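K.L.:
The structure file query.cif (mmCIF, C-alpha atoms and all ligand atoms) is provided below.
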data_my_file
#
loop_
_atom_site.label_atom_id
_atom_site.label_comp_id
_atom_site.auth_asym_id
_atom_site.auth_seq_id
_atom_site.Cartn_x
_atom_site.Cartn_y
_atom_site.Cartn_z
CA MET E 1 -65.81 56.37 -27.41
CA PRO E 2 -66.10 59.00 -30.16
CA GLY E 3 -65.94 57.55 -33.66
CA GLN E 4 -66.71 54.04 -32.41
CA PHE E 5 -69.39 53.60 -35.06
CA LEU E 6 -66.75 53.93 -37.78
CA SER E 7 -65.27 50.86 -39.44
CA ARG E 8 -61.79 49.62 -38.53
CA LYS E 9 -60.74 50.40 -42.11
CA VAL E 10 -61.69 54.04 -41.76
CA LEU E 11 -60.28 54.41 -38.25
CA ASP E 12 -56.93 53.16 -39.56
CA LEU E 13 -56.93 55.53 -42.55
CA SER E 14 -54.88 58.76 -42.65
CA PRO E 15 -56.26 61.52 -44.85
CA SER E 16 -54.08 62.59 -47.80
CA ALA E 17 -51.33 64.89 -46.46
CA THR E 18 -50.89 66.64 -49.81
CA ILE E 19 -54.58 67.48 -50.03
CA ALA E 20 -54.67 68.50 -46.33
CA MET E 21 -51.74 70.92 -46.75
CA ASN E 22 -53.31 72.46 -49.83
CA ALA E 23 -56.59 72.95 -47.96
CA LYS E 24 -54.71 74.63 -45.10
CA ALA E 25 -52.93 77.01 -47.49
CA LYS E 26 -56.21 77.85 -49.27
CA LYS E 27 -57.91 78.57 -45.94
CA LEU E 28 -55.16 81.01 -44.93
CA ARG E 29 -55.40 82.66 -48.34
CA ALA E 30 -59.16 83.05 -47.90
CA GLN E 31 -58.37 84.88 -44.65
CA GLY E 32 -56.39 87.40 -46.70
CA LYS E 33 -52.88 85.99 -45.99
CA ASP E 34 -50.37 86.20 -48.83
CA VAL E 35 -49.65 82.46 -48.80
CA ILE E 36 -47.47 80.84 -51.45
CA SER E 37 -48.57 77.25 -51.86
CA LEU E 38 -45.90 74.85 -53.06
CA SER E 39 -47.85 72.00 -51.53
CA VAL E 40 -50.20 70.21 -53.89
CA GLY E 41 -48.96 68.72 -57.13
CA GLU E 42 -51.09 70.15 -59.88
CA PRO E 43 -50.14 72.07 -63.01
CA ASP E 44 -51.06 75.77 -62.80
CA PHE E 45 -51.71 76.00 -66.56
CA ARG E 46 -55.18 76.34 -68.04
CA THR E 47 -56.46 73.20 -69.74
CA PRO E 48 -55.64 73.68 -73.45
CA ARG E 49 -58.41 75.42 -75.40
CA HIS E 50 -59.20 72.62 -77.88
CA ILE E 51 -59.85 70.23 -74.96
CA CYS E 52 -62.26 72.68 -73.29
CA GLU E 53 -64.03 73.21 -76.62
CA ALA E 54 -64.55 69.45 -77.03
CA ALA E 55 -66.19 69.38 -73.60
CA MET E 56 -68.44 72.32 -74.48
CA ARG E 57 -69.46 70.61 -77.72
CA ALA E 58 -70.27 67.45 -75.75
CA VAL E 59 -72.59 69.45 -73.48
CA GLU E 60 -74.27 71.11 -76.44
CA ASP E 61 -74.63 67.81 -78.32
CA GLY E 62 -76.42 66.26 -75.36
CA GLN E 63 -73.70 63.77 -74.39
CA HIS E 64 -75.03 63.78 -70.86
CA PHE E 65 -75.99 60.12 -70.52
CA TYR E 66 -74.27 57.28 -68.71
CA THR E 67 -71.54 55.75 -70.80
CA PRO E 68 -70.37 52.11 -70.68
CA SER E 69 -68.78 51.70 -67.23
CA ALA E 70 -65.24 51.15 -68.57
CA GLY E 71 -65.51 54.28 -70.76
CA THR E 72 -66.68 55.11 -74.28
CA PRO E 73 -65.36 52.80 -77.02
CA GLU E 74 -63.63 55.76 -78.74
CA LEU E 75 -61.81 56.80 -75.59
CA ARG E 76 -60.79 53.23 -74.71
CA GLN E 77 -59.37 52.90 -78.22
CA ALA E 78 -57.47 56.20 -77.89
CA VAL E 79 -56.09 55.13 -74.50
CA ALA E 80 -55.09 51.72 -75.90
CA ASP E 81 -53.20 53.47 -78.72
CA THR E 82 -51.49 55.80 -76.23
CA LEU E 83 -50.52 52.93 -73.94
CA SER E 84 -49.14 50.91 -76.85
CA ARG E 85 -47.03 53.87 -77.95
CA ASP E 86 -45.81 54.71 -74.42
CA THR E 87 -44.98 51.21 -73.24
CA GLY E 88 -43.91 49.39 -76.40
CA ALA E 89 -46.38 46.60 -75.49
CA SER E 90 -49.64 46.08 -77.32
CA TYR E 91 -53.01 47.18 -75.84
CA SER E 92 -56.53 46.80 -77.22
CA PRO E 93 -59.63 48.66 -75.94
CA ASP E 94 -60.82 45.66 -73.88
CA MET E 95 -57.59 45.94 -71.85
CA VAL E 96 -58.44 49.50 -70.82
CA VAL E 97 -60.69 50.88 -68.07
CA VAL E 98 -61.16 54.64 -67.84
CA SER E 99 -61.92 55.98 -64.34
CA PRO E 100 -62.51 59.25 -62.51
CA GLY E 101 -58.80 59.88 -61.89
CA ALA E 102 -55.65 57.78 -61.79
CA LYS E 103 -56.04 57.55 -58.01
CA TYR E 104 -59.27 55.63 -58.51
CA SER E 105 -57.58 53.39 -61.11
CA ILE E 106 -54.96 52.54 -58.46
CA TYR E 107 -57.64 51.82 -55.88
CA LEU E 108 -59.58 49.53 -58.23
CA THR E 109 -56.37 47.72 -59.25
CA LEU E 110 -55.49 46.94 -55.65
CA LEU E 111 -59.07 45.98 -54.85
CA ALA E 112 -59.02 43.55 -57.77
CA LEU E 113 -55.61 42.01 -56.98
CA LEU E 114 -55.17 41.87 -53.21
CA ASP E 115 -56.36 39.27 -50.74
CA PRO E 116 -56.02 39.92 -47.00
CA GLY E 117 -52.36 39.71 -45.97
CA ASP E 118 -50.90 40.05 -49.46
CA GLU E 119 -47.73 42.11 -49.33
CA VAL E 120 -47.17 45.09 -51.62
CA LEU E 121 -43.62 46.35 -52.12
CA ILE E 122 -43.50 50.14 -52.06
CA PRO E 123 -40.17 51.89 -52.72
CA ALA E 124 -39.70 54.75 -50.24
CA PRO E 125 -39.99 57.72 -50.53
CA TYR E 126 -43.43 57.03 -52.00
CA TRP E 127 -46.53 58.96 -52.97
CA VAL E 128 -48.60 59.43 -49.81
CA SER E 129 -51.63 57.48 -51.03
CA TYR E 130 -50.01 54.10 -51.84
CA PRO E 131 -49.72 52.61 -48.33
CA GLU E 132 -53.15 53.89 -47.33
CA ILE E 133 -54.86 52.43 -50.40
CA VAL E 134 -53.00 49.13 -49.97
CA ARG E 135 -54.25 48.88 -46.36
CA LEU E 136 -57.76 49.88 -47.38
CA CYS E 137 -57.73 46.94 -49.81
CA GLY E 138 -56.58 44.48 -47.12
CA GLY E 139 -52.93 44.38 -48.22
CA VAL E 140 -49.77 44.89 -46.19
CA PRO E 141 -47.44 47.67 -47.35
CA VAL E 142 -43.77 46.58 -47.27
CA LEU E 143 -41.52 49.60 -47.64
CA VAL E 144 -38.35 49.23 -49.68
CA ALA E 145 -35.76 51.75 -48.54
CA THR E 146 -33.85 53.63 -51.20
CA ASP E 147 -31.03 56.04 -50.57
CA GLY E 148 -33.27 58.98 -49.86
CA ALA E 149 -34.23 61.03 -52.83
CA VAL E 150 -31.16 60.46 -54.94
CA HIS E 151 -31.81 57.07 -56.51
CA PRO E 152 -35.39 55.94 -56.92
CA LEU E 153 -34.69 52.32 -56.01
CA SER E 154 -32.28 49.50 -56.59
CA PRO E 155 -33.43 46.16 -57.97
CA ALA E 156 -31.25 44.49 -55.31
CA ALA E 157 -33.19 46.25 -52.51
CA VAL E 158 -36.49 45.10 -54.04
CA ALA E 159 -35.17 41.52 -54.35
CA LYS E 160 -34.29 41.50 -50.65
CA ALA E 161 -37.76 42.64 -49.62
CA ILE E 162 -39.61 39.90 -51.55
CA THR E 163 -41.23 37.17 -49.40
CA PRO E 164 -43.61 34.31 -50.24
CA ARG E 165 -46.49 36.72 -49.43
CA SER E 166 -45.35 39.37 -51.94
CA LYS E 167 -48.01 39.96 -54.57
CA LEU E 168 -47.15 43.23 -56.20
CA LEU E 169 -44.49 45.90 -56.67
CA ILE E 170 -45.54 49.54 -57.05
CA LEU E 171 -43.33 51.47 -59.45
CA ASN E 172 -43.63 55.23 -59.93
CA SER E 173 -41.14 56.66 -62.38
CA PRO E 174 -40.83 59.66 -62.65
CA SER E 175 -41.43 59.64 -58.92
CA ASN E 176 -43.64 61.72 -56.73
CA PRO E 177 -42.07 62.98 -54.42
CA SER E 178 -38.41 62.65 -55.48
CA GLY E 179 -38.68 63.46 -59.19
CA GLN E 180 -36.21 60.66 -59.91
CA VAL E 181 -36.51 58.39 -62.94
CA VAL E 182 -35.58 54.70 -62.78
CA PRO E 183 -32.82 54.16 -65.39
CA PRO E 184 -33.89 51.97 -68.34
CA GLU E 185 -31.42 49.19 -67.45
CA ASP E 186 -32.86 49.00 -63.90
CA ILE E 187 -36.38 48.77 -65.34
CA GLY E 188 -35.06 45.78 -67.32
CA ARG E 189 -33.60 44.25 -64.14
CA LEU E 190 -36.83 44.82 -62.22
CA GLY E 191 -38.76 43.19 -65.05
CA ALA E 192 -36.52 40.12 -64.86
CA LEU E 193 -36.92 40.08 -61.08
CA ILE E 194 -40.73 40.15 -61.04
CA GLU E 195 -40.76 37.39 -63.63
CA GLU E 196 -38.30 35.24 -61.67
CA ARG E 197 -40.27 35.72 -58.42
CA GLY E 198 -43.73 35.55 -60.00
CA ILE E 199 -45.05 38.88 -58.78
CA TRP E 200 -47.18 41.63 -60.30
CA CYS E 201 -46.37 45.28 -60.89
CA LEU E 202 -48.50 48.39 -60.71
CA SER E 203 -46.64 50.95 -62.82
CA ASP E 204 -47.90 54.43 -62.01
CA GLU E 205 -46.80 56.45 -65.04
CA VAL E 206 -48.78 59.66 -64.46
CA TYR E 207 -45.64 61.78 -64.91
CA ASN E 208 -44.28 59.95 -67.96
CA ARG E 209 -44.70 62.98 -70.26
CA LEU E 210 -42.98 65.27 -67.78
CA SER E 211 -39.39 64.19 -67.92
CA TYR E 212 -36.27 66.23 -68.53
CA GLY E 213 -33.73 63.65 -69.64
CA ARG E 214 -32.73 62.73 -73.17
CA GLU E 215 -34.93 59.64 -73.32
CA PRO E 216 -38.51 59.19 -72.15
CA PRO E 217 -38.88 57.01 -69.02
CA ARG E 218 -39.04 53.28 -69.81
CA SER E 219 -42.18 51.31 -68.93
CA ILE E 220 -41.78 47.92 -67.28
CA ALA E 221 -44.82 46.70 -69.27
CA GLY E 222 -42.62 46.63 -72.38
CA VAL E 223 -39.77 44.59 -70.88
CA SER E 224 -41.09 41.07 -71.67
CA PRO E 225 -44.32 39.15 -72.37
CA TYR E 226 -44.43 38.22 -68.65
CA CYS E 227 -44.19 41.90 -67.66
CA HIS E 228 -46.88 42.84 -70.15
CA ALA E 229 -49.24 40.23 -68.69
CA HIS E 230 -48.45 41.04 -65.04
CA THR E 231 -48.22 44.82 -65.09
CA VAL E 232 -51.07 47.25 -64.62
CA VAL E 233 -50.10 50.56 -66.21
CA VAL E 234 -51.84 53.59 -64.72
CA ASN E 235 -51.91 57.04 -66.28
CA GLY E 236 -54.35 59.90 -66.85
CA CYS E 237 -55.04 63.43 -68.01
CA SER E 238 -54.34 65.32 -64.76
CA LYS E 239 -50.63 65.99 -65.15
CA THR E 240 -50.08 65.68 -68.90
CA TYR E 241 -52.92 67.97 -69.98
CA ALA E 242 -53.38 70.16 -66.87
CA MET E 243 -56.74 68.54 -66.11
CA THR E 244 -56.64 67.70 -62.38
CA GLY E 245 -60.18 68.86 -61.62
CA TRP E 246 -61.72 67.09 -64.62
CA ARG E 247 -60.98 63.71 -63.00
CA LEU E 248 -59.88 61.31 -65.70
CA GLY E 249 -57.45 58.42 -65.36
CA TRP E 250 -57.08 54.96 -66.83
CA LEU E 251 -55.39 51.63 -66.52
CA GLY E 252 -54.16 49.09 -69.01
CA ALA E 253 -54.06 45.44 -67.96
CA ARG E 254 -54.65 41.94 -69.28
CA ARG E 255 -58.26 41.32 -70.32
CA GLU E 256 -59.48 39.29 -67.29
CA LEU E 257 -58.15 41.90 -64.91
CA ALA E 258 -59.58 44.81 -66.92
CA ALA E 259 -62.96 43.02 -66.89
CA ALA E 260 -62.76 42.58 -63.09
CA VAL E 261 -61.92 46.28 -62.65
CA ASP E 262 -64.82 47.14 -64.95
CA SER E 263 -67.18 45.13 -62.68
CA LEU E 264 -65.85 46.95 -59.61
CA GLN E 265 -66.34 50.30 -61.31
CA SER E 266 -69.84 49.38 -62.50
CA GLN E 267 -70.83 48.69 -58.89
CA THR E 268 -69.18 51.74 -57.38
CA THR E 269 -69.06 54.82 -59.59
CA SER E 270 -70.64 53.58 -62.85
CA ASN E 271 -68.48 55.61 -65.25
CA PRO E 272 -66.35 58.75 -65.29
CA SER E 273 -68.19 61.89 -66.39
CA ALA E 274 -69.31 61.64 -70.03
CA ILE E 275 -68.29 65.27 -70.64
CA THR E 276 -64.83 64.67 -69.21
CA GLN E 277 -64.45 61.61 -71.43
CA ALA E 278 -65.17 63.75 -74.50
CA ALA E 279 -62.52 66.21 -73.30
CA ALA E 280 -60.02 63.38 -72.71
CA LEU E 281 -60.61 62.04 -76.22
CA ALA E 282 -59.73 65.47 -77.63
CA ALA E 283 -56.68 65.57 -75.37
CA LEU E 284 -55.37 62.23 -76.62
CA GLN E 285 -56.27 62.67 -80.29
CA GLY E 286 -55.58 66.40 -80.66
CA PRO E 287 -52.30 68.28 -81.16
CA GLN E 288 -49.64 67.43 -78.59
CA ASP E 289 -47.58 70.63 -78.81
CA CYS E 290 -49.39 71.96 -75.69
CA VAL E 291 -47.83 69.08 -73.72
CA GLU E 292 -44.35 69.96 -74.97
CA GLU E 293 -44.88 73.66 -74.19
CA MET E 294 -45.87 72.87 -70.60
CA ARG E 295 -43.01 70.40 -70.25
CA ARG E 296 -40.51 73.00 -71.42
CA GLU E 297 -41.80 75.57 -68.93
CA PHE E 298 -41.60 72.96 -66.16
CA GLN E 299 -38.00 72.26 -67.12
CA ILE E 300 -37.11 75.96 -66.80
CA ARG E 301 -38.80 76.03 -63.39
CA ARG E 302 -37.00 72.83 -62.43
CA ASP E 303 -33.63 74.42 -63.19
CA LEU E 304 -34.56 77.55 -61.26
CA ILE E 305 -35.92 75.85 -58.13
CA HIS E 306 -33.09 73.34 -58.01
CA ARG E 307 -30.57 76.19 -57.98
CA LEU E 308 -32.52 78.32 -55.49
CA VAL E 309 -33.21 75.46 -53.07
CA ASN E 310 -29.60 74.31 -53.00
CA ALA E 311 -28.54 77.89 -52.19
CA LEU E 312 -30.64 77.80 -48.98
CA PRO E 313 -28.52 76.97 -45.92
CA GLY E 314 -29.29 73.44 -44.69
CA PHE E 315 -31.07 72.38 -47.90
CA SER E 316 -29.60 69.81 -50.24
CA SER E 317 -31.47 68.44 -53.23
CA ALA E 318 -30.79 66.13 -56.14
CA CYS E 319 -31.89 67.45 -59.52
CA PRO E 320 -35.36 66.11 -60.39
CA GLU E 321 -35.38 64.21 -63.69
CA GLY E 322 -39.14 64.31 -64.04
CA ALA E 323 -42.48 65.35 -62.47
CA PHE E 324 -42.69 68.76 -60.77
CA TYR E 325 -41.29 68.31 -57.31
CA VAL E 326 -37.96 68.98 -55.62
CA PHE E 327 -37.37 66.95 -52.51
CA PRO E 328 -34.55 68.53 -50.52
CA ASP E 329 -32.91 66.87 -47.55
CA ILE E 330 -33.18 69.32 -44.65
CA SER E 331 -31.65 67.09 -41.96
CA GLN E 332 -29.00 69.74 -41.26
CA LEU E 333 -31.75 71.99 -39.92
CA LEU E 334 -33.07 69.40 -37.47
CA GLY E 335 -32.20 70.08 -33.84
CA ARG E 336 -31.76 73.80 -34.57
CA GLU E 337 -33.87 76.72 -33.44
CA ILE E 338 -35.56 78.79 -36.11
CA GLY E 339 -37.42 81.91 -35.02
CA GLY E 340 -37.22 80.81 -31.38
CA ARG E 341 -38.72 77.38 -32.11
CA LEU E 342 -36.95 74.06 -32.02
CA VAL E 343 -37.11 72.15 -35.32
CA ASN E 344 -37.09 68.43 -34.61
CA THR E 345 -38.80 67.13 -37.71
CA PRO E 346 -39.50 68.22 -41.29
CA SER E 347 -43.10 68.78 -40.25
CA ASP E 348 -41.93 71.24 -37.55
CA PHE E 349 -40.06 73.09 -40.26
CA CYS E 350 -43.09 73.12 -42.59
CA GLU E 351 -45.23 74.53 -39.77
CA ILE E 352 -42.75 77.32 -39.07
CA ALA E 353 -42.37 78.07 -42.80
CA LEU E 354 -46.13 78.34 -43.18
CA GLU E 355 -46.59 80.46 -40.06
CA ARG E 356 -43.63 82.80 -40.43
CA ALA E 357 -42.91 82.87 -44.18
CA LEU E 358 -46.38 81.97 -45.48
CA VAL E 359 -44.81 79.28 -47.66
CA ALA E 360 -46.67 75.94 -47.76
CA MET E 361 -44.70 72.75 -48.45
CA VAL E 362 -45.40 69.13 -47.54
CA SER E 363 -43.16 67.48 -44.96
CA GLY E 364 -41.42 64.22 -45.75
CA GLU E 365 -43.05 62.02 -43.10
CA PRO E 366 -46.17 61.04 -45.09
CA PHE E 367 -43.84 60.18 -48.00
CA GLY E 368 -41.87 57.84 -45.73
CA THR E 369 -38.83 59.95 -44.75
CA ASP E 370 -37.98 62.08 -41.72
CA ARG E 371 -35.29 64.14 -43.53
CA HIS E 372 -37.00 65.80 -46.48
CA VAL E 373 -39.64 68.29 -47.49
CA ARG E 374 -41.50 68.29 -50.80
CA ILE E 375 -41.76 71.45 -52.85
CA SER E 376 -44.02 71.52 -55.89
CA PHE E 377 -42.68 73.70 -58.68
CA ALA E 378 -45.96 73.80 -60.58
CA VAL E 379 -46.17 77.56 -60.01
CA ARG E 380 -44.77 80.59 -61.87
CA GLN E 381 -41.05 81.35 -61.81
CA GLU E 382 -41.60 84.64 -59.89
CA THR E 383 -43.53 82.74 -57.24
CA LEU E 384 -40.71 80.21 -56.84
CA SER E 385 -38.17 83.03 -56.48
CA GLU E 386 -40.30 84.85 -53.90
CA ALA E 387 -40.86 81.62 -51.91
CA CYS E 388 -37.13 80.94 -51.76
CA ARG E 389 -36.39 84.55 -50.86
CA ARG E 390 -38.78 84.23 -47.91
CA LEU E 391 -37.31 80.88 -46.82
CA GLY E 392 -33.79 82.36 -47.03
CA GLU E 393 -34.81 85.28 -44.82
CA LEU E 394 -36.57 82.97 -42.37
CA LEU E 395 -33.45 80.80 -42.06
CA ALA E 396 -31.19 83.84 -41.64
CA THR E 397 -33.26 85.93 -39.22
CA GLY E 398 -36.07 83.73 -37.88
CA ARG E 399 -38.74 85.90 -39.50
CA VAL E 400 -39.74 87.49 -42.79
CA ALA E 401 -40.05 91.25 -42.69
CA GLY E 402 -43.41 92.58 -43.77
CA LEU E 403 -45.29 89.34 -43.19
CA ASP E 404 -45.77 89.32 -39.43
N1 LIG J 1 -50.13 58.95 -58.93
C1 LIG J 1 -49.27 59.90 -58.53
C2 LIG J 1 -47.84 59.54 -58.36
C3 LIG J 1 -49.70 61.20 -58.30
O1 LIG J 1 -48.85 62.14 -57.92
C4 LIG J 1 -51.07 61.49 -58.45
C5 LIG J 1 -51.48 62.87 -58.08
N2 LIG J 1 -52.51 63.41 -58.55
C6 LIG J 1 -51.93 60.47 -58.90
C7 LIG J 1 -51.43 59.20 -59.10
C8 LIG J 1 -53.41 60.66 -59.09
O2 LIG J 1 -53.75 61.49 -60.14
P1 LIG J 1 -55.25 61.76 -60.55
O3 LIG J 1 -56.14 61.00 -59.63
O4 LIG J 1 -55.47 63.24 -60.47
O5 LIG J 1 -55.39 61.27 -61.97
N1 LIG J 2 -50.76 63.90 -56.54
C1 LIG J 2 -50.76 65.28 -56.17
C2 LIG J 2 -49.83 65.49 -54.99
O1 LIG J 2 -49.13 64.60 -54.62
C3 LIG J 2 -52.17 65.78 -55.95
C4 LIG J 2 -52.80 65.53 -54.61
C5 LIG J 2 -52.98 64.09 -54.35
O2 LIG J 2 -53.83 63.50 -54.99
O3 LIG J 2 -52.19 63.59 -53.53
O4 LIG J 2 -49.77 66.56 -54.46
#
Could you show the structure in this file as structure tokens?
P.N.:
Amino acid sequence: MPGQFLSRKVLDLSPSATIAMNAKAKKLRAQGKDVISLSVGEPDFRTPRHICEAAMRAVEDGQHFYTPSAGTPELRQAVADTLSRDTGASYSPDMVVVSPGAKYSIYLTLLALLDPGDEVLIPAPYWVSYPEIVRLCGGVPVLVATDGAVHPLSPAAVAKAITPRSKLLILNSPSNPSGQVVPPEDIGRLGALIEERGIWCLSDEVYNRLSYGREPPRSIAGVSPYCHAHTVVVNGCSKTYAMTGWRLGWLGARRELAAAVDSLQSQTTSNPSAITQAAALAALQGPQDCVEEMRREFQIRRDLIHRLVNALPGFSSACPEGAFYVFPDISQLLGREIGGRLVNTPSDFCEIALERALVAMVSGEPFGTDRHVRISFAVRQETLSEACRRLGELLATGRVAGLD
């Protein structure tokens, strides 16, 4: 049988759907097609100048050696300060491990916490990588249904899903893909719930600086001493500082867990790039107005795309409160013919949109829903308008003039 030499773990693994769709769009573009990619979630801004200059100085100063596996002392201190400010709980450098990307921080957290059969509660819709990483680490993903993309999750739904095997709850607020933010009082309720039931929380806060409400999102780590001791907070530079390709993320956790994660990292990837760590230090310690400028532009795009998407027939979307995704429900389109093809699933619709309108989106299925599509609005306003114009024409006529 082909692939029989591969491990069970790998045979059971699905590749990242967001990365796959982005690769598909890039391939079509390389063939000369005028593709608009609203697929992958990454800021389109340049990394701010002072961050790039810090990296260049690090190269020139010869900072090209291995660093301590958990990161340089200066960067761990800067991350600890940032975590303390963001969460309202107190972090010291020995509670921090810096890794090549928040995704790797999540992987190491689950590797360090899960034994075979441990259940991990994942509110759906969820970021595509959570269930796959949980399985890779021997855990069992338990999906907690929420009412689609409108409310991120209810503490009552989480309570119902808890069993004696539950080890950990994954929280992601603001959420990828729905853009919804868990209200502060529900974070308080979830904190009380994990304490009462004795479970852990992985709080993925990579979008915490990209929120559009009056108050910043609340972190569960700051709810109580129990939550502080049993929450792993994950964050990084990718979204906040437009640094996806630099690969820099981190986690904050109690000391014994941070030390275990450090051991795992020392035996797997040693340390994140020394040059990237110098850049991240400048990002955290330098001026923060670049973050606010990008956030403001995202908010303008959010308003625009929310309006344009809801004007498309068959699309209905809540207003994202954070991150840079809209997640419209397109169930009204299912069962209909578009351009002579039957649309049974969101992924059918995404295929037709890519083929006929050259607009790349990610279908809801890998996020745990068969009614939605995810649209990243981390592109220019003109691009969003043109994408929605094409989708409107596709829905009205089955084709987009000038593209076929
Ligand atoms: N968590 C969420 C919710 C994300 O959307 C992403 C996407 N990049 C990550 C974690 C990982 O970020 P990175 O590895 O680039 O730091
Ligand atoms: N997190 C982004 C996304 O959801 C980047 C790609 C990935 O790592 O999944 O599109």
K.L.:
When the cut-off is 7 Å and you count only C-alpha atoms and all ligand atoms, which residues lie near ligand LIG 2 (chain J), shown as a PyMOL selection string?
P.N.:
chain E and resi 16+18-19+39-42+127-129+176
K.L.:
Report as a CSV table (one decimal) with C-alpha atoms, in the coordinates of the input which protein, DNA and RNA residues come within 6 Å of ligand LIG 1 (chain J), using only C-alpha atoms and all ligand atoms.
P.N.:
chain,number,residue,atom,x,y,z
E,101,GLY,CA,-58.8,59.9,-61.9
E,102,ALA,CA,-55.6,57.8,-61.8
E,103,LYS,CA,-56.0,57.6,-58.0
E,127,TRP,CA,-46.5,59.0,-53.0
E,176,ASN,CA,-43.6,61.7,-56.7
E,204,ASP,CA,-47.9,54.4,-62.0
E,206,VAL,CA,-48.8,59.7,-64.5
E,236,GLY,CA,-54.4,59.9,-66.8
E,238,SER,CA,-54.3,65.3,-64.8
E,244,THR,CA,-56.6,67.7,-62.4
E,248,LEU,CA,-59.9,61.3,-65.7
E,249,GLY,CA,-57.4,58.4,-65.4
K.L.:
From the list E:Ala274, E:Leu308, E:Pro225, E:Pro328, which residue is nearest Thr383 of chain E when using all atoms listed in the file?
P.N.:
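Selected residue with least distance to Thr383 of chain E: E:Leu308.
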K.L.:
Considering all atoms listed in the file, return as a PyMOL selection string whatever protein or nucleic-acid residues lie within 10 Å of Val140 of chain E, sequence-local ones (same chain, fewer than 2 positions apart) excluded.
P.N.:
chain E and resi 114-121+131-132+134-138+142-143+165-167
K.L.:
Please, what distance in Å, to one decimal, runs between atom CA of Leu111 of chain E and atom CA of Gly188 of chain E?
P.N.:
27.1 Å
K.L.:
Provide the atom CA of Met95 of chain E to atom CA of Tyr226 of chain E distance in Å, to one decimal place.
P.N.:
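One can read the atom CA of Met95 of chain E to atom CA of Tyr226 of chain E distance as 15.6 Å.
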K.L.:
Starting from the point (-34.8, 43.2, -49.2), work out which residues of protein, DNA or RNA have an atom no more than 10 Å away when counting all atoms listed in the file; state them as a list in words.
P.N.:
Leu121, Val142, Leu143, Val144, Ala145, Pro155, Ala156, Ala157, Val158, Ala159, Lys160, Ala161, Ile162 and Thr163 of chain E
K.L.:
Out of E:Leu304, E:Arg209, E:Leu333, E:Ser37, which residue has the shortest atom-to-atom distance to Lys24 of chain E when counting only C-alpha atoms?
P.N.:
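Looking at the shortest contact to Lys24 of chain E, the residue is E:Ser37.
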K.L.:
Using the partial input, fill out segment 61-70 of chain E with N, CA, C and O atoms; write the result as a tab-separated table (two decimals), keeping the file's coordinate frame.
P.N.:
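Ended up saving to out-v2.tsv:
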chain	number	residue	atom	x	y	z
E	61	ASP	N	-74.11	68.94	-77.54
E	61	ASP	CA	-74.63	67.81	-78.32
E	61	ASP	C	-75.45	66.85	-77.48
E	61	ASP	O	-75.88	65.80	-77.96
E	62	GLY	N	-75.60	67.14	-76.21
E	62	GLY	CA	-76.42	66.26	-75.36
E	62	GLY	C	-75.73	64.97	-74.98
E	62	GLY	O	-76.38	63.93	-74.80
E	63	GLN	N	-74.40	65.01	-74.83
E	63	GLN	CA	-73.70	63.77	-74.39
E	63	GLN	C	-73.71	63.69	-72.87
E	63	GLN	O	-72.67	63.62	-72.23
E	64	HIS	N	-74.94	63.71	-72.31
E	64	HIS	CA	-75.03	63.78	-70.86
E	64	HIS	C	-75.56	62.48	-70.26
E	64	HIS	O	-76.04	62.44	-69.14
E	65	PHE	N	-75.47	61.39	-71.01
E	65	PHE	CA	-75.99	60.12	-70.52
E	65	PHE	C	-74.87	59.29	-69.90
E	65	PHE	O	-73.69	59.58	-70.10
E	66	TYR	N	-75.28	58.25	-69.16
E	66	TYR	CA	-74.27	57.28	-68.71
E	66	TYR	C	-73.53	56.76	-69.94
E	66	TYR	O	-74.10	56.63	-71.02
E	67	THR	N	-72.28	56.42	-69.73
E	67	THR	CA	-71.54	55.75	-70.80
E	67	THR	C	-71.31	54.31	-70.34
E	67	THR	O	-71.59	53.99	-69.18
E	68	PRO	N	-70.76	53.43	-71.20
E	68	PRO	CA	-70.37	52.11	-70.68
E	68	PRO	C	-69.44	52.32	-69.47
E	68	PRO	O	-68.68	53.30	-69.45
E	69	SER	N	-69.51	51.43	-68.49
E	69	SER	CA	-68.78	51.70	-67.23
E	69	SER	C	-67.27	51.81	-67.43
E	69	SER	O	-66.60	52.60	-66.77
E	70	ALA	N	-66.70	51.08	-68.37
E	70	ALA	CA	-65.24	51.15	-68.57
E	70	ALA	C	-64.84	52.33	-69.44
E	70	ALA	O	-63.65	52.55	-69.68
